[in-house]
Amino acid sequence: MNHPTPTPTPLTAPEATPPAPVDLVLPCLNEAAALPWVLGRVPEGWRAVVVDNGSDDGSAEIAAAHGAHVVTESLRGFGAACHAGLEAATADLVAFCDCDASLDPALLPAFADRVSSGAADLVLGRRRPAPGSWPLHARLGNAALARSLRRRTGLGLRDLGPLRLARRTALRELALSDRRSGYPLQMVVRAAEAGWRVEERDVPYLPRTGTSKVTGTWRGTWQAVHDMRRVLAAAGTEAR
């Protein structure tokens, strides 16, 4: 007696984990003290990409223990760490934030709304300093560079702060080459040259709790200003 061939039961494919809506790049050099707070402020559903740039205080292990995706970048430099994070990113949107607890990642969803809606291509955080958060020499250096940037690009920017967000593919197309402190400035210059809509949003700037405070020193500020002047000069304008 012939029996009908049973209809195979379709297999249910396992649900794929949806990609994170935003990858948050956190360049890190000896930030063990700040990492728990910073990672605890990452918006829900976003992926934290901590780029360890030579820490010797256990920062990478702390980041991994708090659920971050850890990338190691052996070439020292703020730009090197940021770009390694961009290369490791897979989300449509990529954000950048310092890892010393001076800026709050929880503010970034408002940036993402502007970019994802098409209202802006690059959103930057304009730092509003709390007492003790921004040494005078660093503030003056930033103001001078912002003035040079306005002359170079025509953008009405007042700050070159590291809190920012844009689309990953568009950032990669900028072909950023600086691997030191000039990286964030080069990003803005090339974005302006490409006709991007760039805007600022006010954000609180908090006293650092991280252990790496190089940018708060005279030497660190001088190096950052030197790097950024070099970027402006390479773009064809003398930074005065």
# chains A, B, ... in the order shown; residues from 1 in each chain; ligands from 1

$ select_by_dssp --residues "range 15-221 of chain A" --states "strand (DSSP E or B)" --output "ChimeraX atom specification"
/A:22-28,47-52,69-72,93-96,122-129,164-167,198-205

$ write_last_selection --atoms "N, CA and C atoms" --output "short mmCIF file (atom, residue, chain, number, x, y, z; two decimals), in the first residue's frame"
data_model
loop_
_atom_site.label_atom_id
_atom_site.label_comp_id
_atom_site.auth_asym_id
_atom_site.auth_seq_id
_atom_site.Cartn_x
_atom_site.Cartn_y
_atom_site.Cartn_z
N VAL A 22 23.43 52.50 15.55
CA VAL A 22 24.59 53.39 15.56
C VAL A 22 25.76 52.67 16.21
N ASP A 23 26.94 52.82 15.63
CA ASP A 23 28.17 52.39 16.30
C ASP A 23 28.82 53.64 16.92
N LEU A 24 29.12 53.56 18.20
CA LEU A 24 29.72 54.68 18.91
C LEU A 24 31.20 54.39 19.12
N VAL A 25 32.06 55.15 18.44
CA VAL A 25 33.51 54.96 18.52
C VAL A 25 34.04 55.75 19.72
N LEU A 26 34.78 55.04 20.58
CA LEU A 26 35.33 55.63 21.80
C LEU A 26 36.84 55.40 21.81
N PRO A 27 37.64 56.37 21.32
CA PRO A 27 39.10 56.23 21.38
C PRO A 27 39.55 56.24 22.83
N CYS A 28 40.43 55.33 23.19
CA CYS A 28 40.72 55.10 24.60
C CYS A 28 42.21 54.94 24.84
N ARG A 47 25.96 50.12 19.64
CA ARG A 47 27.16 49.33 19.92
C ARG A 47 28.32 50.25 20.25
N ALA A 48 28.93 50.01 21.40
CA ALA A 48 30.12 50.77 21.80
C ALA A 48 31.35 50.08 21.21
N VAL A 49 32.13 50.84 20.45
CA VAL A 49 33.38 50.34 19.86
C VAL A 49 34.52 51.08 20.56
N VAL A 50 35.13 50.43 21.54
CA VAL A 50 36.23 51.04 22.28
C VAL A 50 37.53 50.69 21.56
N VAL A 51 38.26 51.71 21.15
CA VAL A 51 39.53 51.50 20.45
C VAL A 51 40.66 51.75 21.43
N ASP A 52 41.28 50.67 21.88
CA ASP A 52 42.38 50.78 22.83
C ASP A 52 43.65 51.18 22.09
N HIS A 69 32.58 46.34 22.22
CA HIS A 69 33.42 45.69 21.21
C HIS A 69 34.77 46.39 21.24
N VAL A 70 35.83 45.67 21.54
CA VAL A 70 37.14 46.27 21.74
C VAL A 70 38.01 46.05 20.51
N VAL A 71 38.59 47.13 20.01
CA VAL A 71 39.51 47.12 18.89
C VAL A 71 40.85 47.62 19.39
N THR A 72 41.94 47.02 18.96
CA THR A 72 43.27 47.45 19.34
C THR A 72 43.93 48.18 18.17
N LEU A 93 25.01 54.55 10.85
CA LEU A 93 25.45 55.79 11.48
C LEU A 93 26.62 55.51 12.42
N VAL A 94 27.56 56.43 12.46
CA VAL A 94 28.72 56.30 13.34
C VAL A 94 28.87 57.59 14.15
N ALA A 95 29.04 57.43 15.45
CA ALA A 95 29.26 58.56 16.34
C ALA A 95 30.64 58.44 16.96
N PHE A 96 31.17 59.57 17.40
CA PHE A 96 32.47 59.62 18.07
C PHE A 96 32.30 60.38 19.38
N LEU A 122 26.31 66.02 9.11
CA LEU A 122 27.27 65.90 10.19
C LEU A 122 26.82 66.81 11.32
N VAL A 123 26.67 66.24 12.50
CA VAL A 123 26.28 67.02 13.68
C VAL A 123 27.41 66.98 14.69
N LEU A 124 27.79 68.16 15.18
CA LEU A 124 28.88 68.29 16.14
C LEU A 124 28.33 68.82 17.46
N GLY A 125 28.98 68.43 18.54
CA GLY A 125 28.64 68.97 19.85
C GLY A 125 29.43 70.23 20.14
N ARG A 126 28.74 71.32 20.40
CA ARG A 126 29.40 72.56 20.82
C ARG A 126 29.47 72.57 22.34
N ARG A 127 30.68 72.49 22.86
CA ARG A 127 30.87 72.31 24.30
C ARG A 127 30.52 73.55 25.10
N ARG A 128 29.72 73.36 26.13
CA ARG A 128 29.39 74.40 27.11
C ARG A 128 30.04 73.98 28.43
N PRO A 129 31.18 74.59 28.78
CA PRO A 129 31.98 74.05 29.88
C PRO A 129 31.39 74.28 31.26
N ARG A 164 30.38 63.85 17.84
CA ARG A 164 29.88 64.06 16.48
C ARG A 164 29.26 62.80 15.93
N LEU A 165 28.47 62.95 14.87
CA LEU A 165 27.78 61.80 14.28
C LEU A 165 27.52 62.07 12.80
N ALA A 166 27.70 61.02 11.98
CA ALA A 166 27.44 61.10 10.53
C ALA A 166 27.20 59.70 10.01
N ARG A 167 26.94 59.59 8.71
CA ARG A 167 26.77 58.27 8.10
C ARG A 167 28.12 57.64 7.82
N VAL A 198 26.41 70.82 7.80
CA VAL A 198 27.07 70.63 9.09
C VAL A 198 26.42 71.55 10.11
N GLU A 199 26.07 71.02 11.26
CA GLU A 199 25.46 71.85 12.29
C GLU A 199 25.99 71.49 13.66
N GLU A 200 25.80 72.41 14.60
CA GLU A 200 26.23 72.23 15.98
C GLU A 200 25.03 72.14 16.91
N ARG A 201 25.21 71.40 17.99
CA ARG A 201 24.23 71.35 19.09
C ARG A 201 24.99 71.56 20.39
N ASP A 202 24.42 72.38 21.26
CA ASP A 202 25.06 72.63 22.54
C ASP A 202 25.05 71.38 23.41
N VAL A 203 26.19 71.09 24.04
CA VAL A 203 26.29 69.95 24.96
C VAL A 203 27.11 70.37 26.17
N PRO A 204 26.80 69.85 27.36
CA PRO A 204 27.61 70.16 28.54
C PRO A 204 28.99 69.52 28.42
N TYR A 205 30.00 70.24 28.86
CA TYR A 205 31.38 69.74 28.90
C TYR A 205 31.75 69.60 30.36
#

$ residues_around --residues "Ser116 in chain A" --least-positions-apart "2" --cutoff "10 Å" --atoms "only C-alpha atoms" --output "PyMOL selection string"
chain A and resi 92-93+111-114+118-121+166-167

$ closest_residue --among "A:Arg180, A:Val189, A:Leu39, A:Ala170" --to "Ser148 in chain A" --atoms "only C-alpha atoms"
A:Val189

$ residues_around --residues "Ala191 in chain A" --least-positions-apart "4" --cutoff "10 Å" --atoms "only C-alpha atoms" --output "list in words"
Asp121, Leu122, Thr153, Ala170, Leu171, Glu173, Leu174, Leu185, Gln186, Met187, Gly195, Trp196, Arg197 and Val198 of chain A

$ closest_residue --among "A:Gly182, A:Gly45, A:Gly40, A:Gly161" --to "Ala91 in chain A" --atoms "only C-alpha atoms"
A:Gly45

$ residues_around --residues "Pro43 in chain A" --least-positions-apart "4" --cutoff "8 Å" --atoms "only C-alpha atoms" --output "ChimeraX atom specification"
/A:105-106,108-109

$ select_by_dssp --residues "range 1-127 of chain A" --states "alpha helix (DSSP H)" --output "PyMOL selection string"
chain A and resi 35-40+59-65+78-88+108-116

$ write_last_selection --atoms "C-alpha atoms" --output "mmCIF file, in the first residue's frame"
data_model
loop_
_atom_site.group_PDB
_atom_site.id
_atom_site.type_symbol
_atom_site.label_atom_id
_atom_site.label_comp_id
_atom_site.auth_asym_id
_atom_site.auth_seq_id
_atom_site.Cartn_x
_atom_site.Cartn_y
_atom_site.Cartn_z
ATOM 1 C CA LEU A 35 34.927 53.743 31.212
ATOM 2 C CA PRO A 36 32.179 52.367 33.478
ATOM 3 C CA TRP A 37 30.335 55.698 33.475
ATOM 4 C CA VAL A 38 30.849 56.288 29.749
ATOM 5 C CA LEU A 39 29.702 52.809 28.737
ATOM 6 C CA GLY A 40 26.758 53.038 31.110
ATOM 7 C CA SER A 59 41.066 49.728 29.999
ATOM 8 C CA ALA A 60 40.526 47.101 27.287
ATOM 9 C CA GLU A 61 39.517 44.448 29.807
ATOM 10 C CA ILE A 62 37.143 46.833 31.580
ATOM 11 C CA ALA A 63 35.547 47.809 28.275
ATOM 12 C CA ALA A 64 35.033 44.175 27.302
ATOM 13 C CA ALA A 65 33.563 43.378 30.712
ATOM 14 C CA PHE A 78 43.775 60.348 18.368
ATOM 15 C CA GLY A 79 43.099 60.131 14.652
ATOM 16 C CA ALA A 80 44.552 56.644 14.435
ATOM 17 C CA ALA A 81 42.180 55.447 17.161
ATOM 18 C CA CYS A 82 39.149 57.202 15.664
ATOM 19 C CA HIS A 83 39.821 55.856 12.190
ATOM 20 C CA ALA A 84 40.334 52.316 13.469
ATOM 21 C CA GLY A 85 36.903 52.608 15.059
ATOM 22 C CA LEU A 86 35.404 53.855 11.813
ATOM 23 C CA GLU A 87 36.955 50.919 9.962
ATOM 24 C CA ALA A 88 35.509 48.510 12.543
ATOM 25 C CA LEU A 108 23.733 61.476 20.881
ATOM 26 C CA PRO A 109 20.249 60.202 19.877
ATOM 27 C CA ALA A 110 19.289 63.806 19.095
ATOM 28 C CA PHE A 111 22.293 63.939 16.733
ATOM 29 C CA ALA A 112 21.198 60.680 15.110
ATOM 30 C CA ASP A 113 17.680 62.021 14.559
ATOM 31 C CA ARG A 114 19.051 64.977 12.599
ATOM 32 C CA VAL A 115 21.207 62.809 10.334
ATOM 33 C CA SER A 116 18.762 59.942 9.832
#

$ decode --residues "range 43-78 of chain A" --atoms "N, CA, C and O atoms" --output "compact mmCIF listing (two decimals), in the first residue's frame"
# COMPACT_ATOMS: atom_id res chain seq x y z
N PRO A 43 23.56 54.91 24.52
CA PRO A 43 22.13 54.70 24.27
C PRO A 43 21.79 53.22 24.04
O PRO A 43 22.58 52.47 23.45
N GLU A 44 20.62 52.84 24.49
CA GLU A 44 20.18 51.44 24.38
C GLU A 44 20.13 51.01 22.92
O GLU A 44 19.62 51.72 22.06
N GLY A 45 20.69 49.82 22.65
CA GLY A 45 20.68 49.28 21.31
C GLY A 45 21.87 49.70 20.46
O GLY A 45 22.09 49.13 19.40
N TRP A 46 22.62 50.69 20.90
CA TRP A 46 23.81 51.11 20.17
C TRP A 46 24.98 50.22 20.54
O TRP A 46 25.01 49.62 21.61
N ARG A 47 25.96 50.12 19.64
CA ARG A 47 27.16 49.33 19.92
C ARG A 47 28.32 50.25 20.25
O ARG A 47 28.67 51.14 19.47
N ALA A 48 28.93 50.01 21.40
CA ALA A 48 30.12 50.77 21.80
C ALA A 48 31.35 50.08 21.21
O ALA A 48 31.58 48.90 21.44
N VAL A 49 32.13 50.84 20.45
CA VAL A 49 33.38 50.34 19.86
C VAL A 49 34.52 51.08 20.56
O VAL A 49 34.82 52.23 20.24
N VAL A 50 35.13 50.43 21.54
CA VAL A 50 36.23 51.04 22.28
C VAL A 50 37.53 50.69 21.56
O VAL A 50 37.85 49.51 21.38
N VAL A 51 38.26 51.71 21.15
CA VAL A 51 39.53 51.50 20.45
C VAL A 51 40.66 51.75 21.43
O VAL A 51 40.96 52.89 21.79
N ASP A 52 41.28 50.67 21.88
CA ASP A 52 42.38 50.78 22.83
C ASP A 52 43.65 51.18 22.09
O ASP A 52 44.10 50.48 21.18
N ASN A 53 44.24 52.31 22.51
CA ASN A 53 45.36 52.89 21.79
C ASN A 53 46.67 52.78 22.58
O ASN A 53 47.50 53.67 22.53
N GLY A 54 46.80 51.65 23.30
CA GLY A 54 48.03 51.41 24.04
C GLY A 54 47.90 51.55 25.54
O GLY A 54 48.89 51.85 26.23
N SER A 55 46.71 51.32 26.07
CA SER A 55 46.50 51.46 27.51
C SER A 55 47.28 50.42 28.30
O SER A 55 47.46 49.28 27.85
N ASP A 56 47.73 50.82 29.48
CA ASP A 56 48.40 49.87 30.37
C ASP A 56 47.72 49.82 31.74
O ASP A 56 48.32 49.39 32.73
N ASP A 57 46.46 50.27 31.80
CA ASP A 57 45.72 50.29 33.06
C ASP A 57 44.53 49.34 33.07
O ASP A 57 43.66 49.43 33.93
N GLY A 58 44.47 48.43 32.10
CA GLY A 58 43.36 47.47 32.03
C GLY A 58 42.11 48.02 31.37
O GLY A 58 41.04 47.41 31.49
N SER A 59 42.24 49.14 30.64
CA SER A 59 41.07 49.73 30.00
C SER A 59 40.37 48.75 29.05
O SER A 59 39.13 48.66 29.04
N ALA A 60 41.13 48.02 28.26
CA ALA A 60 40.53 47.10 27.29
C ALA A 60 39.71 46.02 27.99
O ALA A 60 38.59 45.69 27.55
N GLU A 61 40.23 45.49 29.08
CA GLU A 61 39.52 44.45 29.81
C GLU A 61 38.24 45.01 30.45
O GLU A 61 37.20 44.34 30.46
N ILE A 62 38.33 46.21 30.98
CA ILE A 62 37.14 46.83 31.58
C ILE A 62 36.08 47.08 30.52
O ILE A 62 34.88 46.83 30.73
N ALA A 63 36.50 47.56 29.36
CA ALA A 63 35.55 47.81 28.27
C ALA A 63 34.85 46.52 27.85
O ALA A 63 33.63 46.49 27.67
N ALA A 64 35.62 45.45 27.70
CA ALA A 64 35.03 44.17 27.30
C ALA A 64 34.07 43.66 28.36
O ALA A 64 33.00 43.13 28.04
N ALA A 65 34.42 43.84 29.62
CA ALA A 65 33.56 43.38 30.71
C ALA A 65 32.24 44.14 30.75
O ALA A 65 31.24 43.62 31.26
N HIS A 66 32.23 45.35 30.22
CA HIS A 66 31.01 46.15 30.18
C HIS A 66 30.28 46.02 28.84
O HIS A 66 29.38 46.81 28.55
N GLY A 67 30.67 45.03 28.04
CA GLY A 67 29.93 44.71 26.84
C GLY A 67 30.35 45.44 25.59
O GLY A 67 29.69 45.32 24.55
N ALA A 68 31.46 46.17 25.63
CA ALA A 68 31.91 46.91 24.45
C ALA A 68 32.63 45.99 23.48
O ALA A 68 33.22 44.98 23.87
N HIS A 69 32.58 46.34 22.22
CA HIS A 69 33.42 45.69 21.21
C HIS A 69 34.77 46.39 21.24
O HIS A 69 34.86 47.61 21.01
N VAL A 70 35.83 45.67 21.54
CA VAL A 70 37.14 46.27 21.74
C VAL A 70 38.01 46.05 20.51
O VAL A 70 38.15 44.93 20.02
N VAL A 71 38.59 47.13 20.01
CA VAL A 71 39.51 47.12 18.89
C VAL A 71 40.85 47.62 19.39
O VAL A 71 40.91 48.56 20.19
N THR A 72 41.94 47.02 18.96
CA THR A 72 43.27 47.45 19.34
C THR A 72 43.93 48.18 18.17
O THR A 72 43.97 47.67 17.06
N GLU A 73 44.42 49.38 18.45
CA GLU A 73 45.15 50.16 17.45
C GLU A 73 46.53 50.49 18.00
O GLU A 73 46.66 51.23 18.98
N SER A 74 47.56 49.92 17.38
CA SER A 74 48.92 50.09 17.91
C SER A 74 49.53 51.43 17.54
O SER A 74 50.42 51.94 18.24
N LEU A 75 49.08 52.04 16.43
CA LEU A 75 49.61 53.34 16.05
C LEU A 75 49.03 54.40 16.98
O LEU A 75 47.82 54.61 17.02
N ARG A 76 49.90 55.07 17.73
CA ARG A 76 49.44 56.07 18.68
C ARG A 76 48.94 57.31 17.96
O ARG A 76 49.52 57.75 16.97
N GLY A 77 47.87 57.87 18.48
CA GLY A 77 47.32 59.10 17.92
C GLY A 77 45.80 59.09 17.97
O GLY A 77 45.17 58.05 17.76
N PHE A 78 45.23 60.26 18.28
CA PHE A 78 43.78 60.35 18.37
C PHE A 78 43.12 59.96 17.05
O PHE A 78 42.14 59.21 17.02
